[in-house]
Structures are given as structure tokens and as C-alpha cells.
>>> print(open('target-v4.cif').read())   # mmCIF, C-alpha atoms and all ligand atoms
data_work
#
loop_
_atom_site.label_atom_id
_atom_site.label_comp_id
_atom_site.auth_asym_id
_atom_site.auth_seq_id
_atom_site.Cartn_x
_atom_site.Cartn_y
_atom_site.Cartn_z
CA MET Z 4 18.17 -17.41 -6.24
CA LYS Z 5 20.68 -17.94 -3.43
CA GLU Z 6 22.98 -15.42 -5.01
CA LEU Z 7 20.17 -12.87 -5.32
CA LEU Z 8 19.24 -13.29 -1.66
CA GLU Z 9 22.85 -12.79 -0.68
CA LYS Z 10 22.95 -9.58 -2.71
CA LEU Z 11 19.67 -8.44 -1.15
CA LYS Z 12 21.32 -8.66 2.25
CA GLN Z 13 24.07 -6.41 0.93
CA LYS Z 14 21.44 -3.86 -0.10
CA ASP Z 15 21.84 -4.39 -3.82
CA GLN Z 16 18.88 -2.65 -5.47
CA ARG Z 17 19.20 -4.62 -8.70
CA ALA Z 18 18.82 -7.84 -6.74
CA LEU Z 19 15.74 -6.36 -5.05
CA ALA Z 20 14.26 -5.45 -8.42
CA LYS Z 21 14.88 -8.97 -9.77
CA LEU Z 22 13.36 -10.61 -6.71
CA ILE Z 23 10.29 -8.39 -7.00
CA THR Z 24 9.85 -9.42 -10.62
CA TYR Z 25 10.20 -13.03 -9.52
CA VAL Z 26 7.48 -12.84 -6.85
CA GLU Z 27 5.22 -10.93 -9.24
CA ASN Z 28 5.42 -13.86 -11.64
CA ASN Z 29 5.39 -16.61 -9.02
CA THR Z 30 2.88 -16.38 -6.20
CA GLU Z 31 3.29 -18.32 -2.95
CA ASN Z 32 6.94 -17.97 -2.19
CA ASN Z 33 7.98 -19.70 0.98
CA PHE Z 34 11.40 -18.10 0.85
CA VAL Z 35 9.99 -14.61 1.34
CA ASP Z 36 8.51 -15.55 4.70
CA ASP Z 37 11.98 -16.35 6.03
CA LEU Z 38 13.45 -13.01 5.07
CA TRP Z 39 11.40 -10.24 6.52
CA THR Z 40 12.05 -8.45 9.78
CA ASN Z 41 8.76 -6.64 10.27
CA ASP Z 42 10.65 -3.42 11.01
CA SER Z 43 9.55 -1.29 8.06
CA PHE Z 44 6.61 1.05 8.43
CA VAL Z 45 4.11 0.46 5.63
CA ILE Z 46 2.21 3.62 4.76
CA GLY Z 47 -0.67 3.70 2.30
CA ILE Z 48 -1.29 6.90 0.36
CA THR Z 49 -4.69 6.79 -1.28
CA GLY Z 50 -7.24 9.16 -2.80
CA SER Z 51 -8.86 10.11 -6.11
CA PRO Z 52 -6.84 10.44 -9.31
CA GLY Z 53 -5.30 13.91 -9.51
CA ALA Z 54 -5.52 14.62 -5.77
CA GLY Z 55 -1.74 14.90 -5.70
CA LYS Z 56 -0.69 11.51 -4.31
CA SER Z 57 2.40 11.15 -6.50
CA SER Z 58 3.44 14.72 -5.77
CA LEU Z 59 3.01 14.03 -2.06
CA VAL Z 60 5.02 10.82 -2.27
CA ASN Z 61 7.75 12.74 -4.05
CA ALA Z 62 7.77 15.42 -1.34
CA LEU Z 63 7.64 12.81 1.44
CA ILE Z 64 10.66 11.02 -0.03
CA SER Z 65 12.67 14.25 0.25
CA GLU Z 66 11.49 14.82 3.80
CA ILE Z 67 12.24 11.23 4.84
CA ARG Z 68 15.71 11.43 3.28
CA ALA Z 69 16.34 14.68 5.14
CA THR Z 70 16.02 12.64 8.34
CA GLU Z 71 18.56 10.08 7.03
CA LYS Z 72 15.94 7.35 6.79
CA THR Z 73 15.44 5.17 3.72
CA VAL Z 74 12.30 4.60 1.69
CA GLY Z 75 10.84 2.13 -0.78
CA VAL Z 76 7.89 3.19 -2.91
CA ILE Z 77 5.27 0.98 -4.56
CA ALA Z 78 3.21 2.93 -7.10
CA VAL Z 79 0.08 1.05 -8.07
CA ASP Z 80 -1.51 2.37 -11.22
CA PRO Z 81 -4.83 0.75 -12.11
CA THR Z 82 -5.06 2.46 -15.48
CA SER Z 83 -1.76 1.31 -16.89
CA PRO Z 84 -0.36 -1.87 -15.37
CA PHE Z 85 2.91 -1.83 -17.22
CA THR Z 86 3.93 1.40 -18.87
CA GLY Z 87 2.87 4.80 -19.99
CA GLY Z 88 0.40 7.35 -18.73
CA ALA Z 89 0.56 8.37 -15.15
CA PHE Z 90 3.71 6.52 -14.30
CA LEU Z 91 5.67 8.30 -16.99
CA GLY Z 92 4.71 11.58 -15.34
CA ASP Z 93 5.64 10.19 -11.95
CA ARG Z 94 8.93 9.09 -13.33
CA ILE Z 95 9.86 12.59 -14.39
CA ARG Z 96 8.71 13.96 -11.05
CA MET Z 97 10.69 11.43 -9.10
CA LYS Z 98 13.76 11.55 -11.31
CA LYS Z 99 15.91 13.26 -8.73
CA HIS Z 100 15.38 10.31 -6.39
CA PHE Z 101 16.44 7.65 -8.88
CA LEU Z 102 20.13 8.04 -8.19
CA ASP Z 103 19.69 8.08 -4.42
CA LYS Z 104 20.65 4.72 -2.89
CA GLY Z 105 18.29 5.30 0.01
CA VAL Z 106 15.30 5.39 -2.32
CA PHE Z 107 13.76 2.62 -4.40
CA ILE Z 108 10.73 3.22 -6.60
CA ARG Z 109 8.72 0.47 -8.22
CA SER Z 110 5.49 0.57 -10.19
CA MET Z 111 3.09 -2.33 -10.09
CA GLY Z 112 -0.02 -3.43 -11.93
CA SER Z 113 -3.27 -3.37 -9.99
CA GLY Z 114 -5.66 -6.23 -9.31
CA ASN Z 115 -8.82 -6.65 -11.31
CA SER Z 116 -10.98 -3.94 -9.81
CA LEU Z 117 -10.27 -0.25 -9.51
CA GLY Z 118 -8.02 0.37 -6.56
CA GLY Z 119 -7.57 -3.31 -6.00
CA LEU Z 120 -4.05 -4.45 -5.32
CA ASN Z 121 -2.29 -7.37 -6.86
CA GLU Z 122 -1.80 -10.42 -4.63
CA SER Z 123 1.96 -10.17 -5.02
CA ILE Z 124 2.02 -6.88 -3.10
CA PHE Z 125 2.28 -8.84 0.15
CA ASP Z 126 5.55 -10.42 -0.97
CA VAL Z 127 6.83 -7.16 -2.48
CA ILE Z 128 6.33 -5.47 0.90
CA LYS Z 129 8.25 -8.27 2.60
CA LEU Z 130 11.12 -8.02 0.11
CA MET Z 131 11.37 -4.27 0.67
CA ASP Z 132 11.25 -4.89 4.40
CA ALA Z 133 14.00 -7.50 4.09
CA PHE Z 134 16.07 -5.01 2.13
CA GLY Z 135 15.82 -2.78 5.18
CA PHE Z 136 13.84 0.31 4.20
CA ASP Z 137 12.65 2.35 7.15
CA TYR Z 138 9.48 3.31 5.31
CA ILE Z 139 7.51 1.67 2.52
CA LEU Z 140 5.08 4.05 0.79
CA ILE Z 141 2.28 2.59 -1.32
CA GLU Z 142 0.46 4.95 -3.67
CA THR Z 143 -2.89 3.72 -4.92
CA VAL Z 144 -6.17 5.05 -6.31
CA GLY Z 145 -9.39 4.33 -4.48
CA ALA Z 146 -9.94 2.27 -1.39
CA GLY Z 147 -12.45 0.02 0.29
CA GLN Z 148 -13.56 -1.44 -2.99
CA SER Z 149 -11.90 -4.78 -3.32
CA GLU Z 150 -10.68 -7.84 -1.49
CA ILE Z 151 -7.10 -6.71 -1.29
CA ASP Z 152 -6.89 -2.99 -0.79
CA ILE Z 153 -4.73 -0.46 0.92
CA VAL Z 154 -6.33 -0.91 4.34
CA ASN Z 155 -5.38 -4.57 4.42
CA VAL Z 156 -1.74 -4.05 3.57
CA SER Z 157 -0.80 -0.83 5.39
CA ASP Z 158 0.24 -0.05 8.95
CA LEU Z 159 -1.22 3.41 8.49
CA VAL Z 160 -3.43 4.92 5.77
CA THR Z 161 -3.20 8.51 4.58
CA LEU Z 162 -6.24 9.66 2.63
CA VAL Z 163 -5.52 12.51 0.23
CA LEU Z 164 -8.25 14.99 -0.72
CA SER Z 165 -8.05 18.18 -2.73
CA PRO Z 166 -10.35 21.18 -3.03
CA GLY Z 167 -12.46 21.44 -6.14
CA ALA Z 168 -12.72 17.72 -6.73
CA GLY Z 169 -16.44 17.64 -5.92
CA ASP Z 170 -16.92 13.90 -5.71
CA GLU Z 171 -14.63 13.49 -2.75
CA ILE Z 172 -17.09 14.40 -0.05
CA GLN Z 173 -19.48 11.91 -1.63
CA LEU Z 174 -16.81 9.26 -1.32
CA LEU Z 175 -16.33 10.16 2.29
CA LYS Z 176 -20.03 9.87 2.94
CA ALA Z 177 -20.10 6.50 1.23
CA GLY Z 178 -18.01 5.13 4.05
CA ILE Z 179 -14.56 5.41 2.63
CA MET Z 180 -13.77 7.98 5.28
CA GLU Z 181 -13.35 5.20 7.81
CA ILE Z 182 -10.20 4.00 6.13
CA GLY Z 183 -8.06 7.09 6.73
CA ASP Z 184 -5.85 7.30 9.81
CA ILE Z 185 -4.60 10.71 8.70
CA TYR Z 186 -6.37 13.04 6.29
CA VAL Z 187 -4.43 15.27 3.94
CA ILE Z 188 -6.01 18.25 2.25
CA ASN Z 189 -3.54 18.74 -0.56
CA LYS Z 190 -3.54 21.69 -2.97
CA ALA Z 191 -4.11 23.94 0.03
CA ASP Z 192 -3.06 26.81 -2.24
CA LEU Z 193 -6.36 26.50 -4.12
CA ASP Z 194 -9.74 28.06 -3.39
CA GLY Z 195 -12.08 25.83 -1.48
CA THR Z 196 -9.50 24.55 0.99
CA ALA Z 197 -11.21 26.08 4.02
CA SER Z 198 -14.65 24.81 3.07
CA LEU Z 199 -13.31 21.32 2.34
CA LYS Z 200 -11.73 21.31 5.78
CA ILE Z 201 -14.99 22.35 7.44
CA GLN Z 202 -16.90 19.62 5.61
CA LEU Z 203 -14.28 17.04 6.48
CA GLU Z 204 -14.26 18.05 10.15
CA HIS Z 205 -18.03 17.78 10.17
CA ILE Z 206 -18.03 14.29 8.66
CA LEU Z 207 -15.31 13.10 11.03
CA SER Z 208 -17.18 14.52 14.02
CA LEU Z 209 -20.22 12.43 13.10
CA SER Z 210 -18.25 9.32 13.94
CA ASN Z 211 -16.57 10.90 16.97
CA SER Z 212 -13.31 10.62 15.13
CA LYS Z 213 -10.35 12.59 16.41
CA LYS Z 214 -8.27 11.96 13.34
CA THR Z 215 -5.68 14.48 12.24
CA ILE Z 216 -6.20 16.69 9.20
CA VAL Z 217 -3.07 18.13 7.59
CA GLU Z 218 -3.02 20.78 4.89
CA THR Z 219 -0.27 20.45 2.30
CA ILE Z 220 0.95 21.96 -0.93
CA ALA Z 221 2.83 19.01 -2.35
CA THR Z 222 4.27 20.97 -5.24
CA SER Z 223 6.02 23.49 -2.97
CA GLY Z 224 6.66 21.21 -0.01
CA LYS Z 225 4.52 23.21 2.37
CA GLY Z 226 3.10 21.12 5.21
CA ILE Z 227 5.13 18.02 4.33
CA LYS Z 228 7.31 18.24 7.45
CA GLN Z 229 4.14 18.46 9.52
CA LEU Z 230 2.66 15.49 7.67
CA LEU Z 231 5.70 13.30 8.31
CA GLU Z 232 5.66 14.32 11.97
CA ASN Z 233 2.01 13.38 12.22
CA ILE Z 234 2.70 10.05 10.53
CA ASN Z 235 5.59 9.32 12.90
CA ASP Z 236 3.59 10.33 15.98
CA LEU Z 237 0.74 8.06 15.01
CA LEU Z 238 3.09 5.17 14.21
CA ASN Z 239 4.64 5.57 17.65
CA LYS Z 240 1.22 5.59 19.23
CA PHE Z 241 0.27 2.45 17.28
CA LYS Z 242 3.52 0.84 18.43
CA GLU Z 243 2.77 1.55 22.06
CA ASN Z 244 -0.88 0.54 22.08
CA GLY Z 245 -0.32 -2.65 20.09
CA GLU Z 246 -2.22 -1.49 17.03
CA LEU Z 247 0.86 -1.78 14.82
CA ASN Z 248 1.31 -5.40 15.76
CA THR Z 249 -2.38 -6.10 15.23
CA ARG Z 250 -2.27 -4.59 11.76
CA LYS Z 251 0.86 -6.50 10.77
CA LYS Z 252 -0.76 -9.75 11.92
CA GLN Z 253 -3.92 -8.81 10.05
CA ARG Z 254 -1.82 -8.40 6.91
CA GLN Z 255 -0.48 -11.94 7.32
CA LYS Z 256 -4.01 -13.28 7.71
CA ARG Z 257 -5.26 -11.37 4.71
CA HIS Z 258 -2.41 -12.74 2.61
CA ALA Z 259 -3.25 -16.30 3.63
CA GLU Z 260 -6.94 -15.65 3.01
CA THR Z 261 -6.17 -14.32 -0.48
CA ILE Z 262 -4.23 -17.46 -1.38
CA VAL Z 263 -6.91 -19.80 -0.05
CA ILE Z 264 -9.74 -17.93 -1.79
CA ARG Z 265 -7.85 -18.07 -5.07
CA LYS Z 266 -7.34 -21.83 -4.67
CA VAL Z 267 -11.00 -22.41 -3.87
CA LYS Z 268 -12.01 -20.41 -6.95
CA GLU Z 269 -9.63 -22.43 -9.13
CA ILE Z 270 -11.00 -25.72 -7.82
CA ILE Z 271 -14.64 -24.71 -8.14
CA SER Z 272 -14.18 -23.49 -11.69
CA LYS Z 273 -12.93 -26.94 -12.73
CA ILE Z 274 -15.28 -29.13 -10.72
CA GLU Z 275 -18.04 -31.23 -12.36
CA PRO Z 276 -21.53 -29.80 -11.88
CA GLU Z 277 -23.69 -31.54 -9.27
CA GLU Z 278 -27.37 -31.46 -8.39
CA ARG Z 279 -26.72 -30.69 -4.76
CA VAL Z 280 -24.78 -27.71 -3.50
CA SER Z 281 -23.72 -29.63 -0.42
CA THR Z 282 -22.04 -32.22 -2.66
CA LEU Z 283 -20.21 -29.44 -4.51
CA VAL Z 284 -19.04 -27.95 -1.24
CA GLU Z 285 -17.85 -31.31 0.02
CA LYS Z 286 -16.01 -32.10 -3.19
CA THR Z 287 -14.37 -28.67 -3.26
CA LEU Z 288 -13.21 -28.89 0.34
CA ASN Z 289 -11.88 -32.40 -0.24
CA LYS Z 290 -9.88 -31.22 -3.23
CA LEU Z 291 -8.64 -28.22 -1.25
CA CYS Z 292 -7.41 -30.50 1.53
CA GLY Z 293 -5.64 -32.52 -1.12
CA ILE Z 294 -3.63 -29.57 -2.41
CA ILE Z 295 -2.78 -27.81 0.83
N1 LIG I 1 -1.91 23.74 -7.15
C1 LIG I 1 -1.45 22.56 -6.74
N2 LIG I 1 -1.29 21.57 -7.63
C2 LIG I 1 -0.82 20.37 -7.19
C3 LIG I 1 -0.49 20.16 -5.84
N3 LIG I 1 -0.08 18.87 -5.71
C4 LIG I 1 -0.14 18.32 -6.93
N4 LIG I 1 -0.59 19.21 -7.83
C5 LIG I 1 -0.80 18.99 -9.28
O1 LIG I 1 -1.94 18.16 -9.46
C6 LIG I 1 -1.75 17.30 -10.58
C7 LIG I 1 -1.95 15.84 -10.18
O2 LIG I 1 -0.93 15.48 -9.26
P1 LIG I 1 -0.46 13.99 -9.05
O3 LIG I 1 0.55 14.01 -7.95
O4 LIG I 1 -0.09 13.34 -10.32
O5 LIG I 1 -1.83 13.33 -8.52
P2 LIG I 1 -2.21 11.78 -8.31
O6 LIG I 1 -3.00 11.37 -9.51
O7 LIG I 1 -3.06 11.78 -7.08
O8 LIG I 1 -0.95 11.02 -8.13
C8 LIG I 1 -0.35 17.58 -11.11
O9 LIG I 1 -0.46 18.45 -12.20
C9 LIG I 1 0.34 18.25 -9.94
O10 LIG I 1 1.36 19.14 -10.34
C10 LIG I 1 -0.64 21.24 -4.92
O11 LIG I 1 -0.40 21.15 -3.71
N5 LIG I 1 -1.14 22.42 -5.43
MG MG I 2 -0.17 9.28 -9.06
#
>>> encode(input="target-v4.cif", output="C-alpha cells")
Amino acid sequence: MKELLEKLKQKDQRALAKLITYVENNTENNFVDDLWTNDSFVIGITGSPGAGKSSLVNALISEIRATEKTVGVIAVDPTSPFTGGAFLGDRIRMKKHFLDKGVFIRSMGSGNSLGGLNESIFDVIKLMDAFGFDYILIETVGAGQSEIDIVNVSDLVTLVLSPGAGDEIQLLKAGIMEIGDIYVINKADLDGTASLKIQLEHILSLSNSKKTIVETIATSGKGIKQLLENINDLLNKFKENGELNTRKKQRQKRHAETIVIRKVKEIISKIEPEERVSTLVEKTLNKLCGII
């Protein structure tokens, strides 16, 4: 372990990969807390399957590298935790970045529910931060649906929509719209882009939201420079008004909360049944105090 940490400091990507595997298999790692610097920007990229998130991530990597900055990517695929399917496609798409030392791409299994993130994502973010990436991009499907989701782990959330995917406005209406800090209308080369934009503007105006909408064509790179500029501007604004710090602290709290909830669930699943709920609560809390 000591050797791996030493190599991590020297920006050895193989050491990073091994440490990530380690924290994925072993939750609650005190050592990770001592490593991180809090300097990386953590950007969530979320939206429906097929909206173009992976293509956008791929284009953003190129744009970020053009500015000499480095980037770590966490691709969370709820449909195939380990291999196959979507990630194979992403792999081909991102192939040109695999040999670039300023880029590190990692796929991760999701949590139990759709769009839910695995508890270990908190430590994976910290390891990537410790490695020294300027940006950490997290691609995930769905949002606002589970205990640990993209809003709780990101400094900034980009919600990706595309024309012709009819259910998206429904999702927005269902309250998911609140989670975006920046909205991307990707596939702006397709019919329906203008009407999607009008609908989105209307929905955002209902909540007096002045959030930015960016049109992109991820496959050609159009609008990506603008998107990165918008992301950077908003990150700077969040830095100045304290929002960035608030969100990073919130992430710490959410991580702690996740660990405690898991422990409570473990205890309660093993506890003897009792007539009175208050007795169960007392017993559970006593046991919890015993293990923390
Ligand atoms: N026409 C068009 N197709 C796109 C664009 N961006 C992505 N696609 C295509 O949409 C499909 C899904 O893209 P992908 O990035 O895998 O979406 P994800 O599921 O959100 O990650 C792929 O076939 C892409 O080539 C775009 O801007 N315009
Ligand atoms: Mg994808």
C-alpha cells in the first residue's frame, strides 16, 4: 500500500487504477482522507441513455486537453456493471485518449437503483483528486432517484438533453430539472432542437431560473468550446460566492451519512425482533455506538 501511494504521488496511472480497485472492494478507507487536496473540479454529466453523454465526455476531454489541463473520467453504467454493452462502445470512442497521460478513464458499477452511484465513488473521486487531475468528469444515467446520486457528488451538474427523445420534458417536469446547473441540448444537428430549447426555456422560467443552455453537436465538436467556457465560468462563480466550498462539504457529509445508514441497516437486519419499536431503536443505537 505504501508503495502504491508513493507511486500515486509520482502520477503513476497503474497505481491509481490499483488503488481504485482497492477502495471499490474495501469501503471506509481512512488513508484516502489524508490524501486529497480538494483542488479538482468534479463535474457530473447526466441525462437519458442515448442523449450523447459519452460522446460529450469524449469531446470535452479533447477540449480540456487543448487547454493543457488534465482529466479523470468515471463512467457509471447501470446496465452493465463490469463489462460489455455501452462501455465497449465508449471504449472505442475514447480510444484516442487511452495513450494520453493527461487522461484517465475508469468505468464503475452503479448502485442498486437506476442512476444510483456506488458508495465507493466518494473515495474514487478523492483518489483522482490526489493524483492531481484538474477535472473529474462523471458520466451517469438518470438523477434524483437514489440516495447517492450525481447531485451529491458533483461540484457542478450538466444535464444533457437531445431532441426527439420525447420523455425528457416529462423528466424535467417531474422535478429533475432542478438538478442541472448547466443544460446541454446535444444533437443540435437534429430536427426539434429549436422546439426543445423553447420548452426548456419555458420550464426554467417557471422557477425563475437563469441557468445557461448550451447547444452542442458532440459528434462534430460544435459547441464544446462554449460548453467548457460556461462550465469554467460557473465554477469560478461558485468559487467566489462560496458555493463550491459548500458543495464539497456537502459531499463529505453525504459520504459519512452513506456509511452510517449502511451500518444502521446492517445492525437492524441482524437484531432480534421486539414487541416495542422504541426498544428496537434503543438496541440499534446502542449497537451502533459500540461499533463506531
Ligand atoms: N446526430 C447526432 N448524433 C449524436 C450526437 N452526439 C451523440 N450522437 C450519437 O448518439 C448515440 C448515443 O450517444 P452516446 O454518447 O453513447 O450517448 P449516452 O448513452 O448518453 O452516453 C451514438 O450513436 C452517438 O454517435 C450529436 O450531437 N448528433
Ligand atoms: Mg454513455
>>> closest_residue(input="target-v4.cif", among="Z:Glu142, Z:Glu71, Z:Glu66, Z:Asp103", to="ligand MG 2 (chain I)", atoms="only C-alpha atoms and all ligand atoms")
Z:Glu142
>>> closest_residue(input="target-v4.cif", among="Z:Glu275, Z:Phe241, Z:Thr30, Z:Lys228", to="Z:Glu122", atoms="only C-alpha atoms")
Z:Thr30
>>> atom_distance(input="target-v4.cif", atom1="atom CA of Z:Arg17", atom2="atom CA of Z:Thr161")
29.2 Å
>>> residues_near_ligand(input="target-v4.cif", ligand="ligand LIG 1 (chain I)", cutoff="10 Å", atoms="only C-alpha atoms and all ligand atoms", output="VMD selection string")
chain Z and resid 48 to 62 78 80 89 to 90 92 to 93 96 142 to 144 163 to 166 188 to 194 218 to 226
>>> closest_residue(input="target-v4.cif", among="Z:Glu277, Z:Asp15, Z:Glu232, Z:Asp126", to="Z:Asn32", atoms="all atoms listed in the file")
Z:Asp126
>>> residues_around(input="target-v4.cif", residues="Z:Leu38", least_positions_apart="4", cutoff="8 Å", atoms="only C-alpha atoms", output="MDAnalysis selection string")
chainID Z and resid 34 129:130 133
>>> build_atoms(input="target-v4.cif", residues="stretch 37-48 of chain Z", atoms="all heavy atoms", output="mmCIF file, keeping the file's coordinate frame")
data_model
loop_
_atom_site.group_PDB
_atom_site.id
_atom_site.type_symbol
_atom_site.label_atom_id
_atom_site.label_comp_id
_atom_site.auth_asym_id
_atom_site.auth_seq_id
_atom_site.Cartn_x
_atom_site.Cartn_y
_atom_site.Cartn_z
ATOM 1 N N ASP Z 37 10.799 -16.200 5.168
ATOM 2 C CA ASP Z 37 11.980 -16.350 6.030
ATOM 3 C C ASP Z 37 12.837 -15.100 6.087
ATOM 4 O O ASP Z 37 13.755 -15.007 6.887
ATOM 5 C CB ASP Z 37 12.854 -17.509 5.527
ATOM 6 C CG ASP Z 37 12.081 -18.809 5.534
ATOM 7 O OD1 ASP Z 37 11.203 -18.946 6.417
ATOM 8 O OD2 ASP Z 37 12.340 -19.661 4.674
ATOM 9 N N LEU Z 38 12.539 -14.148 5.220
ATOM 10 C CA LEU Z 38 13.450 -13.010 5.070
ATOM 11 C C LEU Z 38 13.095 -11.796 5.918
ATOM 12 O O LEU Z 38 13.949 -11.099 6.420
ATOM 13 C CB LEU Z 38 13.438 -12.523 3.616
ATOM 14 C CG LEU Z 38 13.969 -13.445 2.545
ATOM 15 C CD1 LEU Z 38 13.732 -12.801 1.191
ATOM 16 C CD2 LEU Z 38 15.446 -13.682 2.751
ATOM 17 N N TRP Z 39 11.806 -11.545 6.041
ATOM 18 C CA TRP Z 39 11.400 -10.240 6.520
ATOM 19 C C TRP Z 39 11.604 -10.051 8.019
ATOM 20 O O TRP Z 39 11.647 -11.002 8.779
ATOM 21 C CB TRP Z 39 9.982 -9.919 6.094
ATOM 22 C CG TRP Z 39 8.941 -10.794 6.698
ATOM 23 C CD1 TRP Z 39 8.983 -12.150 6.786
ATOM 24 C CD2 TRP Z 39 7.728 -10.373 7.295
ATOM 25 N NE1 TRP Z 39 7.845 -12.597 7.385
ATOM 26 C CE2 TRP Z 39 7.064 -11.541 7.715
ATOM 27 C CE3 TRP Z 39 7.128 -9.145 7.511
ATOM 28 C CZ2 TRP Z 39 5.835 -11.490 8.345
ATOM 29 C CZ3 TRP Z 39 5.906 -9.118 8.130
ATOM 30 C CH2 TRP Z 39 5.276 -10.266 8.544
ATOM 31 N N THR Z 40 11.732 -8.781 8.395
ATOM 32 C CA THR Z 40 12.050 -8.450 9.780
ATOM 33 C C THR Z 40 10.876 -7.806 10.493
ATOM 34 O O THR Z 40 10.857 -7.733 11.702
ATOM 35 C CB THR Z 40 13.195 -7.417 9.793
ATOM 36 O OG1 THR Z 40 12.729 -6.233 9.135
ATOM 37 C CG2 THR Z 40 14.418 -7.935 9.081
ATOM 38 N N ASN Z 41 9.923 -7.318 9.699
ATOM 39 C CA ASN Z 41 8.760 -6.640 10.270
ATOM 40 C C ASN Z 41 9.100 -5.262 10.831
ATOM 41 O O ASN Z 41 8.354 -4.724 11.639
ATOM 42 C CB ASN Z 41 8.150 -7.493 11.380
ATOM 43 C CG ASN Z 41 6.651 -7.520 11.289
ATOM 44 O OD1 ASN Z 41 6.067 -6.755 10.524
ATOM 45 N ND2 ASN Z 41 6.017 -8.369 12.056
ATOM 46 N N ASP Z 42 10.221 -4.713 10.444
ATOM 47 C CA ASP Z 42 10.650 -3.420 11.010
ATOM 48 C C ASP Z 42 10.245 -2.214 10.172
ATOM 49 O O ASP Z 42 10.274 -1.099 10.653
ATOM 50 C CB ASP Z 42 12.175 -3.409 11.190
ATOM 51 C CG ASP Z 42 12.604 -4.334 12.311
ATOM 52 O OD1 ASP Z 42 11.764 -4.603 13.195
ATOM 53 O OD2 ASP Z 42 13.764 -4.782 12.299
ATOM 54 N N SER Z 43 9.911 -2.433 8.902
ATOM 55 C CA SER Z 43 9.550 -1.290 8.060
ATOM 56 C C SER Z 43 8.149 -0.791 8.417
ATOM 57 O O SER Z 43 7.278 -1.580 8.779
ATOM 58 C CB SER Z 43 9.509 -1.698 6.583
ATOM 59 O OG SER Z 43 10.723 -2.239 6.178
ATOM 60 N N PHE Z 44 7.953 0.497 8.282
ATOM 61 C CA PHE Z 44 6.610 1.050 8.430
ATOM 62 C C PHE Z 44 5.966 1.097 7.049
ATOM 63 O O PHE Z 44 6.522 1.698 6.126
ATOM 64 C CB PHE Z 44 6.654 2.469 8.995
ATOM 65 C CG PHE Z 44 7.131 2.526 10.422
ATOM 66 C CD1 PHE Z 44 8.173 3.358 10.783
ATOM 67 C CD2 PHE Z 44 6.510 1.764 11.407
ATOM 68 C CE1 PHE Z 44 8.606 3.426 12.104
ATOM 69 C CE2 PHE Z 44 6.939 1.821 12.734
ATOM 70 C CZ PHE Z 44 7.989 2.650 13.079
ATOM 71 N N VAL Z 45 4.793 0.496 6.917
ATOM 72 C CA VAL Z 45 4.110 0.460 5.630
ATOM 73 C C VAL Z 45 2.998 1.511 5.626
ATOM 74 O O VAL Z 45 2.049 1.419 6.401
ATOM 75 C CB VAL Z 45 3.528 -0.944 5.347
ATOM 76 C CG1 VAL Z 45 2.885 -0.985 3.966
ATOM 77 C CG2 VAL Z 45 4.604 -2.011 5.486
ATOM 78 N N ILE Z 46 3.153 2.505 4.761
ATOM 79 C CA ILE Z 46 2.210 3.620 4.760
ATOM 80 C C ILE Z 46 1.467 3.706 3.435
ATOM 81 O O ILE Z 46 2.071 3.837 2.374
ATOM 82 C CB ILE Z 46 2.967 4.938 5.027
ATOM 83 C CG1 ILE Z 46 3.624 4.826 6.410
ATOM 84 C CG2 ILE Z 46 2.030 6.146 4.980
ATOM 85 C CD1 ILE Z 46 4.658 5.851 6.676
ATOM 86 N N GLY Z 47 0.159 3.604 3.498
ATOM 87 C CA GLY Z 47 -0.670 3.700 2.300
ATOM 88 C C GLY Z 47 -1.022 5.152 2.026
ATOM 89 O O GLY Z 47 -1.365 5.896 2.933
ATOM 90 N N ILE Z 48 -0.897 5.550 0.774
ATOM 91 C CA ILE Z 48 -1.290 6.900 0.360
ATOM 92 C C ILE Z 48 -2.381 6.711 -0.684
ATOM 93 O O ILE Z 48 -2.105 6.235 -1.785
ATOM 94 C CB ILE Z 48 -0.113 7.662 -0.309
ATOM 95 C CG1 ILE Z 48 1.187 7.483 0.470
ATOM 96 C CG2 ILE Z 48 -0.465 9.124 -0.600
ATOM 97 C CD1 ILE Z 48 1.518 8.494 1.492
#
